[in-house]
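Heads up, final-v2.tsv below (TSV, N, CA and C atoms):
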chain	number	residue	atom	x	y	z
A	526	MET	N	110.80	174.89	-75.35
A	526	MET	CA	109.82	175.95	-75.23
A	526	MET	C	109.76	176.49	-73.79
A	527	ILE	N	109.68	175.58	-72.82
A	527	ILE	CA	109.62	175.99	-71.41
A	527	ILE	C	110.92	176.68	-71.01
A	528	LEU	N	112.06	176.15	-71.48
A	528	LEU	CA	113.34	176.77	-71.17
A	528	LEU	C	113.44	178.18	-71.76
A	529	THR	N	112.89	178.35	-72.94
A	529	THR	CA	112.90	179.67	-73.57
A	529	THR	C	112.06	180.65	-72.76
A	530	ILE	N	110.89	180.24	-72.33
A	530	ILE	CA	110.02	181.10	-71.51
A	530	ILE	C	110.71	181.43	-70.19
A	531	LEU	N	111.32	180.45	-69.58
A	531	LEU	CA	112.03	180.66	-68.32
A	531	LEU	C	113.20	181.63	-68.51
A	532	THR	N	113.92	181.47	-69.60
A	532	THR	CA	115.05	182.36	-69.90
A	532	THR	C	114.57	183.80	-70.10
A	533	TYR	N	113.50	183.98	-70.86
A	533	TYR	CA	112.94	185.33	-71.06
A	533	TYR	C	112.45	185.91	-69.73
A	534	SER	N	111.88	185.08	-68.89
A	534	SER	CA	111.38	185.56	-67.59
A	534	SER	C	112.55	186.03	-66.71
A	535	ILE	N	113.60	185.24	-66.65
A	535	ILE	CA	114.77	185.61	-65.86
A	535	ILE	C	115.40	186.89	-66.42
A	536	THR	N	115.52	186.95	-67.74
A	536	THR	CA	116.06	188.15	-68.37
A	536	THR	C	115.20	189.37	-68.02
A	537	GLY	N	113.89	189.22	-68.08
A	537	GLY	CA	112.98	190.31	-67.74
A	537	GLY	C	113.12	190.77	-66.30
A	538	ILE	N	113.32	189.82	-65.40
A	538	ILE	CA	113.52	190.16	-63.98
A	538	ILE	C	114.77	191.03	-63.83
A	539	PHE	N	115.84	190.66	-64.51
A	539	PHE	CA	117.08	191.45	-64.38
A	539	PHE	C	116.99	192.78	-65.11
A	540	ILE	N	116.27	192.85	-66.19
A	540	ILE	CA	116.05	194.15	-66.84
A	540	ILE	C	115.29	195.06	-65.88
A	541	ALA	N	114.27	194.52	-65.23
A	541	ALA	CA	113.50	195.31	-64.26
A	541	ALA	C	114.36	195.70	-63.06
A	542	LEU	N	115.16	194.77	-62.56
A	542	LEU	CA	116.02	195.06	-61.40
A	542	LEU	C	117.01	196.17	-61.71
A	543	TRP	N	117.73	196.05	-62.83
A	543	TRP	CA	118.74	197.05	-63.17
A	543	TRP	C	118.09	198.39	-63.52
A	544	SER	N	116.90	198.36	-64.09
A	544	SER	CA	116.18	199.61	-64.36
A	544	SER	C	115.81	200.28	-63.04
A	545	TYR	N	115.26	199.50	-62.14
A	545	TYR	CA	114.86	200.00	-60.82
A	545	TYR	C	116.07	200.55	-60.06
A	546	ALA	N	117.23	199.94	-60.25
A	546	ALA	CA	118.43	200.35	-59.54
A	546	ALA	C	119.10	201.57	-60.18
A	547	SER	N	119.11	201.64	-61.50
A	547	SER	CA	119.92	202.66	-62.18
A	547	SER	C	119.22	204.00	-62.39
A	548	PHE	N	117.98	204.00	-62.82
A	548	PHE	CA	117.33	205.25	-63.21
A	548	PHE	C	117.19	206.24	-62.05
A	549	PRO	N	116.82	205.81	-60.85
A	549	PRO	CA	116.77	206.77	-59.74
A	549	PRO	C	118.14	207.38	-59.42
A	550	LYS	N	119.20	206.61	-59.61
A	550	LYS	CA	120.55	207.14	-59.36
A	550	LYS	C	120.85	208.28	-60.31
A	551	PHE	N	120.48	208.13	-61.58
A	551	PHE	CA	120.72	209.18	-62.56
A	551	PHE	C	119.82	210.40	-62.32
A	552	ARG	N	118.61	210.14	-61.85
A	552	ARG	CA	117.69	211.24	-61.57
A	552	ARG	C	118.24	212.16	-60.49
A	553	ASN	N	118.97	211.59	-59.53
A	553	ASN	CA	119.48	212.39	-58.42
A	553	ASN	C	120.89	211.94	-58.06
A	554	LEU	N	121.84	212.30	-58.91
A	554	LEU	CA	123.24	211.91	-58.69
A	554	LEU	C	123.80	212.46	-57.39
A	555	ARG	N	123.37	213.64	-57.01
A	555	ARG	CA	123.86	214.24	-55.75
A	555	ARG	C	123.47	213.38	-54.55
A	556	TYR	N	122.22	212.94	-54.52
A	556	TYR	CA	121.75	212.07	-53.44
A	556	TYR	C	122.49	210.73	-53.47
A	557	PHE	N	122.66	210.16	-54.66
A	557	PHE	CA	123.37	208.89	-54.79
A	557	PHE	C	124.80	209.01	-54.29
A	558	ARG	N	125.45	210.12	-54.61
A	558	ARG	CA	126.82	210.36	-54.12
A	558	ARG	C	126.84	210.40	-52.59
A	559	ALA	N	125.84	211.05	-51.99
A	559	ALA	CA	125.76	211.10	-50.52
A	559	ALA	C	125.57	209.70	-49.93
A	560	ILE	N	124.77	208.88	-50.59
A	560	ILE	CA	124.57	207.50	-50.14
A	560	ILE	C	125.90	206.74	-50.21
A	561	LEU	N	126.61	206.90	-51.31
A	561	LEU	CA	127.90	206.21	-51.47
A	561	LEU	C	128.90	206.66	-50.41
A	562	ARG	N	128.86	207.93	-50.03
A	562	ARG	CA	129.78	208.42	-48.99
A	562	ARG	C	129.55	207.72	-47.65
A	563	SER	N	128.33	207.26	-47.42
A	563	SER	CA	128.02	206.59	-46.15
A	563	SER	C	128.37	205.10	-46.18
A	564	GLN	N	128.73	204.60	-47.36
A	564	GLN	CA	129.03	203.18	-47.49
A	564	GLN	C	130.45	202.87	-47.03
A	565	ALA	N	130.70	201.62	-46.82
A	565	ALA	CA	132.02	201.16	-46.35
A	565	ALA	C	132.95	200.94	-47.55
A	566	ILE	N	133.17	202.02	-48.29
A	566	ILE	CA	134.08	201.98	-49.44
A	566	ILE	C	135.06	203.14	-49.29
A	567	PRO	N	136.24	203.02	-49.87
A	567	PRO	CA	137.19	204.13	-49.78
A	567	PRO	C	136.63	205.40	-50.41
A	568	LYS	N	136.92	206.53	-49.80
A	568	LYS	CA	136.39	207.82	-50.27
A	568	LYS	C	136.78	208.12	-51.72
A	569	TRP	N	137.98	207.68	-52.15
A	569	TRP	CA	138.42	207.96	-53.52
A	569	TRP	C	137.56	207.25	-54.56
A	570	MET	N	136.80	206.21	-54.13
A	570	MET	CA	135.96	205.47	-55.07
A	570	MET	C	134.58	206.10	-55.26
A	571	VAL	N	134.19	207.01	-54.37
A	571	VAL	CA	132.84	207.57	-54.41
A	571	VAL	C	132.54	208.27	-55.74
A	572	SER	N	133.40	209.19	-56.17
A	572	SER	CA	133.12	209.92	-57.41
A	572	SER	C	133.04	209.01	-58.63
A	573	PRO	N	134.04	208.12	-58.84
A	573	PRO	CA	133.92	207.23	-60.00
A	573	PRO	C	132.68	206.33	-59.94
A	574	LEU	N	132.37	205.79	-58.77
A	574	LEU	CA	131.22	204.89	-58.65
A	574	LEU	C	129.89	205.62	-58.85
A	575	THR	N	129.86	206.91	-58.51
A	575	THR	CA	128.62	207.68	-58.67
A	575	THR	C	128.14	207.64	-60.11
A	576	VAL	N	129.06	207.65	-61.04
A	576	VAL	CA	128.71	207.61	-62.46
A	576	VAL	C	128.82	206.19	-63.03
A	577	MET	N	129.87	205.47	-62.65
A	577	MET	CA	130.12	204.15	-63.25
A	577	MET	C	129.06	203.12	-62.89
A	578	LEU	N	128.57	203.13	-61.65
A	578	LEU	CA	127.60	202.12	-61.25
A	578	LEU	C	126.30	202.22	-62.04
A	579	PRO	N	125.66	203.39	-62.10
A	579	PRO	CA	124.43	203.44	-62.91
A	579	PRO	C	124.68	203.23	-64.41
A	580	LEU	N	125.83	203.69	-64.92
A	580	LEU	CA	126.14	203.43	-66.33
A	580	LEU	C	126.31	201.94	-66.59
A	581	THR	N	126.95	201.25	-65.67
A	581	THR	CA	127.11	199.79	-65.81
A	581	THR	C	125.75	199.11	-65.79
A	582	GLU	N	124.89	199.52	-64.87
A	582	GLU	CA	123.56	198.91	-64.78
A	582	GLU	C	122.76	199.14	-66.06
A	583	ILE	N	122.84	200.34	-66.62
A	583	ILE	CA	122.14	200.63	-67.87
A	583	ILE	C	122.78	199.84	-69.02
A	584	GLY	N	124.09	199.72	-69.00
A	584	GLY	CA	124.77	198.90	-70.02
A	584	GLY	C	124.30	197.46	-69.97
A	585	ILE	N	124.12	196.94	-68.76
A	585	ILE	CA	123.63	195.56	-68.62
A	585	ILE	C	122.22	195.44	-69.19
A	586	ILE	N	121.38	196.43	-68.94
A	586	ILE	CA	120.02	196.41	-69.50
A	586	ILE	C	120.09	196.30	-71.03
A	587	ILE	N	120.92	197.12	-71.63
A	587	ILE	CA	121.05	197.11	-73.10
A	587	ILE	C	121.54	195.75	-73.58
A	588	LEU	N	122.52	195.19	-72.88
A	588	LEU	CA	123.03	193.86	-73.26
A	588	LEU	C	121.96	192.79	-73.13
A	589	LEU	N	121.15	192.87	-72.08
A	589	LEU	CA	120.09	191.86	-71.87
A	589	LEU	C	118.98	191.98	-72.90
A	590	ILE	N	118.70	193.17	-73.36
A	590	ILE	CA	117.64	193.37	-74.36
A	590	ILE	C	118.02	192.77	-75.70
A	591	ASN	N	119.28	192.90	-76.06
A	591	ASN	CA	119.77	192.42	-77.35
A	591	ASN	C	120.08	190.92	-77.28
A	592	SER	N	119.43	190.13	-78.11
A	592	SER	CA	119.61	188.67	-78.05
A	592	SER	C	121.06	188.26	-78.33
A	593	ALA	N	121.78	189.02	-79.14
A	593	ALA	CA	123.17	188.67	-79.47
A	593	ALA	C	124.12	188.88	-78.29
A	594	THR	N	123.73	189.76	-77.34
A	594	THR	CA	124.60	190.06	-76.20
A	594	THR	C	123.99	189.64	-74.86
A	595	ARG	N	122.85	188.97	-74.92
A	595	ARG	CA	122.11	188.61	-73.71
A	595	ARG	C	122.94	187.75	-72.75
A	596	LEU	N	123.67	186.79	-73.26
A	596	LEU	CA	124.48	185.92	-72.40
A	596	LEU	C	125.53	186.74	-71.65
A	597	PHE	N	126.19	187.64	-72.34
A	597	PHE	CA	127.19	188.50	-71.70
A	597	PHE	C	126.52	189.37	-70.63
A	598	GLY	N	125.33	189.89	-70.93
A	598	GLY	CA	124.58	190.68	-69.95
A	598	GLY	C	124.22	189.87	-68.73
A	599	MET	N	123.90	188.59	-68.94
A	599	MET	CA	123.55	187.73	-67.80
A	599	MET	C	124.80	187.42	-66.98
A	600	TYR	N	125.94	187.23	-67.65
A	600	TYR	CA	127.20	187.04	-66.91
A	600	TYR	C	127.52	188.28	-66.07
A	601	LEU	N	127.30	189.45	-66.63
A	601	LEU	CA	127.54	190.69	-65.87
A	601	LEU	C	126.55	190.81	-64.71
A	602	SER	N	125.30	190.40	-64.94
A	602	SER	CA	124.32	190.40	-63.85
A	602	SER	C	124.78	189.49	-62.72
A	603	LEU	N	125.25	188.31	-63.08
A	603	LEU	CA	125.76	187.37	-62.08
A	603	LEU	C	126.94	187.98	-61.33
A	604	THR	N	127.85	188.60	-62.05
A	604	THR	CA	129.03	189.22	-61.42
A	604	THR	C	128.62	190.33	-60.46
A	605	MET	N	127.74	191.20	-60.92
A	605	MET	CA	127.27	192.30	-60.07
A	605	MET	C	126.56	191.77	-58.83
A	606	MET	N	125.73	190.77	-59.01
A	606	MET	CA	125.02	190.22	-57.85
A	606	MET	C	125.99	189.56	-56.88
A	607	LEU	N	127.01	188.89	-57.38
A	607	LEU	CA	128.02	188.32	-56.49
A	607	LEU	C	128.73	189.41	-55.69
A	608	ILE	N	129.10	190.49	-56.35
A	608	ILE	CA	129.77	191.60	-55.66
A	608	ILE	C	128.85	192.19	-54.59
A	609	PHE	N	127.61	192.46	-54.94
A	609	PHE	CA	126.68	193.04	-53.97
A	609	PHE	C	126.41	192.08	-52.82
A	610	THR	N	126.32	190.79	-53.12
A	610	THR	CA	126.06	189.80	-52.06
A	610	THR	C	127.24	189.72	-51.11
A	611	ILE	N	128.44	189.72	-51.63
A	611	ILE	CA	129.64	189.70	-50.78
A	611	ILE	C	129.70	190.96	-49.93
A	612	TYR	N	129.37	192.10	-50.52
A	612	TYR	CA	129.37	193.36	-49.79
A	612	TYR	C	128.38	193.30	-48.63
A	613	VAL	N	127.15	192.84	-48.89
A	613	VAL	CA	126.13	192.75	-47.84
A	613	VAL	C	126.55	191.74	-46.78
A	614	ALA	N	127.19	190.65	-47.19
A	614	ALA	CA	127.70	189.67	-46.21
A	614	ALA	C	128.72	190.34	-45.29
A	615	GLY	N	129.58	191.18	-45.85
A	615	GLY	CA	130.55	191.91	-45.05
A	615	GLY	C	129.87	192.82	-44.03
A	616	ILE	N	128.75	193.43	-44.43
A	616	ILE	CA	127.99	194.26	-43.50
A	616	ILE	C	127.41	193.40	-42.39
A	617	MET	N	126.79	192.29	-42.77
A	617	MET	CA	126.16	191.41	-41.77
A	617	MET	C	127.17	190.88	-40.76
A	618	TYR	N	128.35	190.55	-41.23
A	618	TYR	CA	129.36	189.96	-40.35
A	618	TYR	C	130.36	190.99	-39.85
A	619	GLN	N	130.00	192.27	-39.95
A	619	GLN	CA	130.75	193.40	-39.41
A	619	GLN	C	132.22	193.39	-39.83
A	620	ALA	N	132.43	193.22	-41.11
A	620	ALA	CA	133.80	193.19	-41.65
A	620	ALA	C	134.33	194.59	-41.93
A	621	TYR	N	133.47	195.59	-41.86
A	621	TYR	CA	133.87	196.95	-42.20
A	621	TYR	C	134.00	197.79	-40.94
A	622	ASP	N	134.71	198.90	-41.05
A	622	ASP	CA	134.93	199.76	-39.89
A	622	ASP	C	133.73	200.65	-39.58
A	623	ARG	N	132.77	200.74	-40.49
A	623	ARG	CA	131.54	201.49	-40.21
A	623	ARG	C	130.36	200.74	-40.81
A	624	TYR	N	129.21	201.02	-40.26
A	624	TYR	CA	127.98	200.36	-40.66
A	624	TYR	C	127.23	201.25	-41.63
A	625	PRO	N	127.21	200.89	-42.92
A	625	PRO	CA	126.60	201.76	-43.92
A	625	PRO	C	125.08	201.77	-43.85
A	626	CYS	N	124.51	202.80	-44.43
A	626	CYS	CA	123.05	202.87	-44.52
A	626	CYS	C	122.57	201.89	-45.59
A	627	PRO	N	121.32	201.47	-45.53
A	627	PRO	CA	120.81	200.52	-46.52
A	627	PRO	C	120.65	201.16	-47.89
A	628	CYS	N	120.47	200.32	-48.89
A	628	CYS	CA	120.24	200.79	-50.26
A	628	CYS	C	118.89	201.49	-50.33
A	629	GLY	N	118.62	202.09	-51.46
A	629	GLY	CA	117.34	202.76	-51.65
A	629	GLY	C	116.24	201.79	-52.04
A	630	GLY	N	115.09	202.34	-52.28
A	630	GLY	CA	113.95	201.55	-52.74
A	630	GLY	C	113.48	200.54	-51.71
A	631	PHE	N	113.01	199.41	-52.19
A	631	PHE	CA	112.46	198.42	-51.26
A	631	PHE	C	113.53	197.79	-50.39
A	632	PHE	N	114.80	197.85	-50.78
A	632	PHE	CA	115.86	197.31	-49.94
A	632	PHE	C	116.02	198.12	-48.65
A	633	SER	N	115.66	199.39	-48.66
A	633	SER	CA	115.82	200.21	-47.47
A	633	SER	C	114.84	199.80	-46.38
A	634	HIS	N	113.82	199.04	-46.72
A	634	HIS	CA	112.83	198.60	-45.75
A	634	HIS	C	113.12	197.20	-45.21
A	635	MET	N	114.21	196.60	-45.65
A	635	MET	CA	114.59	195.27	-45.20
A	635	MET	C	115.75	195.39	-44.22
A	636	GLY	N	115.86	194.41	-43.36
A	636	GLY	CA	117.07	194.31	-42.57
A	636	GLY	C	118.17	193.73	-43.44
A	637	TRP	N	119.40	193.77	-42.93
A	637	TRP	CA	120.52	193.27	-43.72
A	637	TRP	C	120.42	191.76	-43.98
A	638	ARG	N	119.88	191.00	-43.04
A	638	ARG	CA	119.74	189.55	-43.26
A	638	ARG	C	118.78	189.25	-44.41
A	639	LYS	N	117.67	189.95	-44.44
A	639	LYS	CA	116.71	189.75	-45.53
A	639	LYS	C	117.32	190.22	-46.86
A	640	HIS	N	118.02	191.34	-46.82
A	640	HIS	CA	118.71	191.85	-48.01
A	640	HIS	C	119.69	190.80	-48.53
A	641	PHE	N	120.42	190.19	-47.61
A	641	PHE	CA	121.38	189.15	-47.97
A	641	PHE	C	120.68	187.96	-48.64
A	642	LYS	N	119.55	187.55	-48.08
A	642	LYS	CA	118.80	186.43	-48.65
A	642	LYS	C	118.27	186.76	-50.04
A	643	VAL	N	117.78	187.97	-50.23
A	643	VAL	CA	117.29	188.38	-51.54
A	643	VAL	C	118.46	188.40	-52.54
A	644	ASN	N	119.61	188.91	-52.10
A	644	ASN	CA	120.78	188.93	-52.98
A	644	ASN	C	121.22	187.53	-53.36
A	645	ILE	N	121.20	186.61	-52.41
A	645	ILE	CA	121.56	185.22	-52.72
A	645	ILE	C	120.59	184.66	-53.75
A	646	ALA	N	119.30	184.90	-53.55
A	646	ALA	CA	118.29	184.40	-54.49
A	646	ALA	C	118.51	184.98	-55.89
A	647	LEU	N	118.79	186.28	-55.97
A	647	LEU	CA	119.03	186.91	-57.27
A	647	LEU	C	120.32	186.42	-57.90
A	648	THR	N	121.33	186.16	-57.09
A	648	THR	CA	122.59	185.61	-57.60
A	648	THR	C	122.35	184.23	-58.19
A	649	LEU	N	121.61	183.40	-57.48
A	649	LEU	CA	121.30	182.06	-57.98
A	649	LEU	C	120.44	182.14	-59.24
A	650	LEU	N	119.51	183.09	-59.27
A	650	LEU	CA	118.67	183.27	-60.46
A	650	LEU	C	119.52	183.67	-61.66
A	651	ALA	N	120.50	184.55	-61.45
A	651	ALA	CA	121.41	184.93	-62.54
A	651	ALA	C	122.23	183.73	-63.00
A	652	LEU	N	122.64	182.89	-62.06
A	652	LEU	CA	123.38	181.69	-62.42
A	652	LEU	C	122.52	180.76	-63.28
A	653	VAL	N	121.27	180.59	-62.90
A	653	VAL	CA	120.35	179.78	-63.70
A	653	VAL	C	120.18	180.40	-65.08
A	654	GLY	N	120.08	181.74	-65.13
A	654	GLY	CA	119.97	182.42	-66.42
A	654	GLY	C	121.18	182.17	-67.30
A	655	VAL	N	122.37	182.21	-66.73
A	655	VAL	CA	123.59	181.94	-67.50
A	655	VAL	C	123.56	180.51	-68.03
A	656	ILE	N	123.23	179.57	-67.17
A	656	ILE	CA	123.20	178.15	-67.57
A	656	ILE	C	122.19	177.93	-68.69
A	657	LEU	N	121.00	178.51	-68.55
A	657	LEU	CA	119.98	178.34	-69.59
A	657	LEU	C	120.40	178.99	-70.91
A	658	LEU	N	120.96	180.20	-70.82
A	658	LEU	CA	121.40	180.87	-72.05
A	658	LEU	C	122.54	180.13	-72.73
A	659	GLU	N	123.39	179.51	-71.94
A	659	GLU	CA	124.49	178.70	-72.50
A	659	GLU	C	123.93	177.49	-73.25
A	660	ARG	N	122.80	176.94	-72.78
A	660	ARG	CA	122.25	175.72	-73.36
A	660	ARG	C	121.34	175.97	-74.55
A	661	LEU	N	120.77	177.18	-74.62
A	661	LEU	CA	119.86	177.47	-75.73
A	661	LEU	C	120.64	177.65	-77.03
A	662	PRO	N	120.06	177.21	-78.14
A	662	PRO	CA	120.73	177.42	-79.43
A	662	PRO	C	120.82	178.91	-79.74
A	663	HIS	N	121.91	179.30	-80.35
A	663	HIS	CA	122.15	180.72	-80.66
A	663	HIS	C	121.57	181.08	-81.98

Kindly present the structure from the file in structure tokens form.
Amino acid sequence: MILTILTYSITGIFIALWSYASFPKFRNLRYFRAILRSQAIPKWMVSPLTVMLPLTEIGIIILLINSATRLFGMYLSLTMMLIFTIYVAGIMYQAYDRYPCPCGGFFSHMGWRKHFKVNIALTLLALVGVILLERLPH
């Protein structure tokens, strides 16, 4: 019972996170594209990521909502958080040739170290979600 409540709570956190991350991007794709241009990514990736990133985040939300696909959604959440955490680590340790602007929302008010810590916490939370979903009966 407690594991089920914990699993639903973790799932809810990631549904909220991906909703918070994806919907503003779709509301203003032009602004999101400008943000991506300032990031330490190759210019050829900006256009595809402008659409693919919010679509992926919304896809994860749909997977997390559906009990039959929730585990896959949590694996994707873990993967996305690992990618974002590695990216922020690269910023912190100056691995890129330029220093990108921060993400939108509440992340824009954090320094990169705090952002990194939050990403690590969310990555670990996604890992716990995967482990719990693997253990729960289907």

Residue nearest Ala651 (chain A) among A:Ser592, A:Ser602, A:Thr532, A:Thr581 (counting only N, CA and C atoms):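 Of all the options, A:Ser602 lies closest to Ala651 (chain A).
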
How many Å lie between CA of Arg558 (chain A) and CA of Val571 (chain A), rounded to one decimal?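 Rounded to one decimal, the two atoms are 6.6 Å apart.
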
Which centre and edge lengths in Å to one decimal define the box along x, y and z that fits every listed atom of region 644-661 of chain A plus 8 Å per side, as lines of an AutoDock Vina configuration file?
center_x = 121.4
center_y = 182.3
center_z = -64.6
size_x = 22.2
size_y = 29.2
size_z = 40.9

Which residues come within 12 Å of Met577 (chain A), counting only C-alpha atoms, excluding same-chain residues fewer than 4 positions away, as a ChimeraX atom specification? /A:547,550-551,554,557-558,570-573,581-584

Written file, previous selection with N, CA and C atoms, as an mmCIF file, in the coordinates of the input:
data_model
loop_
_atom_site.group_PDB
_atom_site.id
_atom_site.type_symbol
_atom_site.label_atom_id
_atom_site.label_comp_id
_atom_site.auth_asym_id
_atom_site.auth_seq_id
_atom_site.Cartn_x
_atom_site.Cartn_y
_atom_site.Cartn_z
ATOM 1 N N SER A 547 119.110 201.640 -61.500
ATOM 2 C CA SER A 547 119.920 202.660 -62.180
ATOM 3 C C SER A 547 119.220 204.000 -62.390
ATOM 4 N N LYS A 550 119.200 206.610 -59.610
ATOM 5 C CA LYS A 550 120.550 207.140 -59.360
ATOM 6 C C LYS A 550 120.850 208.280 -60.310
ATOM 7 N N PHE A 551 120.480 208.130 -61.580
ATOM 8 C CA PHE A 551 120.720 209.180 -62.560
ATOM 9 C C PHE A 551 119.820 210.400 -62.320
ATOM 10 N N LEU A 554 121.840 212.300 -58.910
ATOM 11 C CA LEU A 554 123.240 211.910 -58.690
ATOM 12 C C LEU A 554 123.800 212.460 -57.390
ATOM 13 N N PHE A 557 122.660 210.160 -54.660
ATOM 14 C CA PHE A 557 123.370 208.890 -54.790
ATOM 15 C C PHE A 557 124.800 209.010 -54.290
ATOM 16 N N ARG A 558 125.450 210.120 -54.610
ATOM 17 C CA ARG A 558 126.820 210.360 -54.120
ATOM 18 C C ARG A 558 126.840 210.400 -52.590
ATOM 19 N N MET A 570 136.800 206.210 -54.130
ATOM 20 C CA MET A 570 135.960 205.470 -55.070
ATOM 21 C C MET A 570 134.580 206.100 -55.260
ATOM 22 N N VAL A 571 134.190 207.010 -54.370
ATOM 23 C CA VAL A 571 132.840 207.570 -54.410
ATOM 24 C C VAL A 571 132.540 208.270 -55.740
ATOM 25 N N SER A 572 133.400 209.190 -56.170
ATOM 26 C CA SER A 572 133.120 209.920 -57.410
ATOM 27 C C SER A 572 133.040 209.010 -58.630
ATOM 28 N N PRO A 573 134.040 208.120 -58.840
ATOM 29 C CA PRO A 573 133.920 207.230 -60.000
ATOM 30 C C PRO A 573 132.680 206.330 -59.940
ATOM 31 N N THR A 581 126.950 201.250 -65.670
ATOM 32 C CA THR A 581 127.110 199.790 -65.810
ATOM 33 C C THR A 581 125.750 199.110 -65.790
ATOM 34 N N GLU A 582 124.890 199.520 -64.870
ATOM 35 C CA GLU A 582 123.560 198.910 -64.780
ATOM 36 C C GLU A 582 122.760 199.140 -66.060
ATOM 37 N N ILE A 583 122.840 200.340 -66.620
ATOM 38 C CA ILE A 583 122.140 200.630 -67.870
ATOM 39 C C ILE A 583 122.780 199.840 -69.020
ATOM 40 N N GLY A 584 124.090 199.720 -69.000
ATOM 41 C CA GLY A 584 124.770 198.900 -70.020
ATOM 42 C C GLY A 584 124.300 197.460 -69.970
#

Go through chain A and collect every residue that DSSP, computed from the backbone, puts in helix (DSSP H, G or I); the answer should be as a PyMOL selection string. chain A and resi 527-552+554-562+568-590+595-617+630-634+637-660

For Leu589 (chain A), which of A:Leu652, A:Ile540, A:Leu528, A:Leu647 is the closest residue, counting all atoms listed in the file?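 Answer, going by the shortest atom-to-atom distance: A:Ile540.
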
Atomic separation - atom C of Arg562 (chain A) relative to atom N of Leu574 (chain A), Å: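 Here the two named atoms are 11.6 Å from each other.
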
In Å and to one decimal, atom N of Arg638 (chain A) is distant from atom N of Val613 (chain A) by 9.5 Å

Which of A:Ile585, A:Ile527, A:Met599, A:Ala559 sits closest to Ser544 (chain A) [using all atoms listed in the file]: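 Checking each candidate against Ser544 (chain A), we get A:Ile585 as the closest.
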
For Gly654 (chain A), the nearest of the candidates A:Met526, A:Pro579, A:Tyr556, A:Arg595, counting only N, CA and C atoms: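 The closest residue to Gly654 (chain A) is A:Arg595.
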
Do a neighbour search on Thr610 (chain A) at 7 Å with all atoms listed in the file, toss out local chain neighbours closer than 6 positions, and write the hits as a short mmCIF file (atom, residue, chain, number, x, y, z; two decimals) with N, CA and C atoms, in the coordinates of the input.
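Below is the file result-v3.cif, written as the result:
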data_model
loop_
_atom_site.label_atom_id
_atom_site.label_comp_id
_atom_site.auth_asym_id
_atom_site.auth_seq_id
_atom_site.Cartn_x
_atom_site.Cartn_y
_atom_site.Cartn_z
N PHE A 641 120.42 190.19 -47.61
CA PHE A 641 121.38 189.15 -47.97
C PHE A 641 120.68 187.96 -48.64
N ASN A 644 119.61 188.91 -52.10
CA ASN A 644 120.78 188.93 -52.98
C ASN A 644 121.22 187.53 -53.36
N ILE A 645 121.20 186.61 -52.41
CA ILE A 645 121.56 185.22 -52.72
C ILE A 645 120.59 184.66 -53.75
#
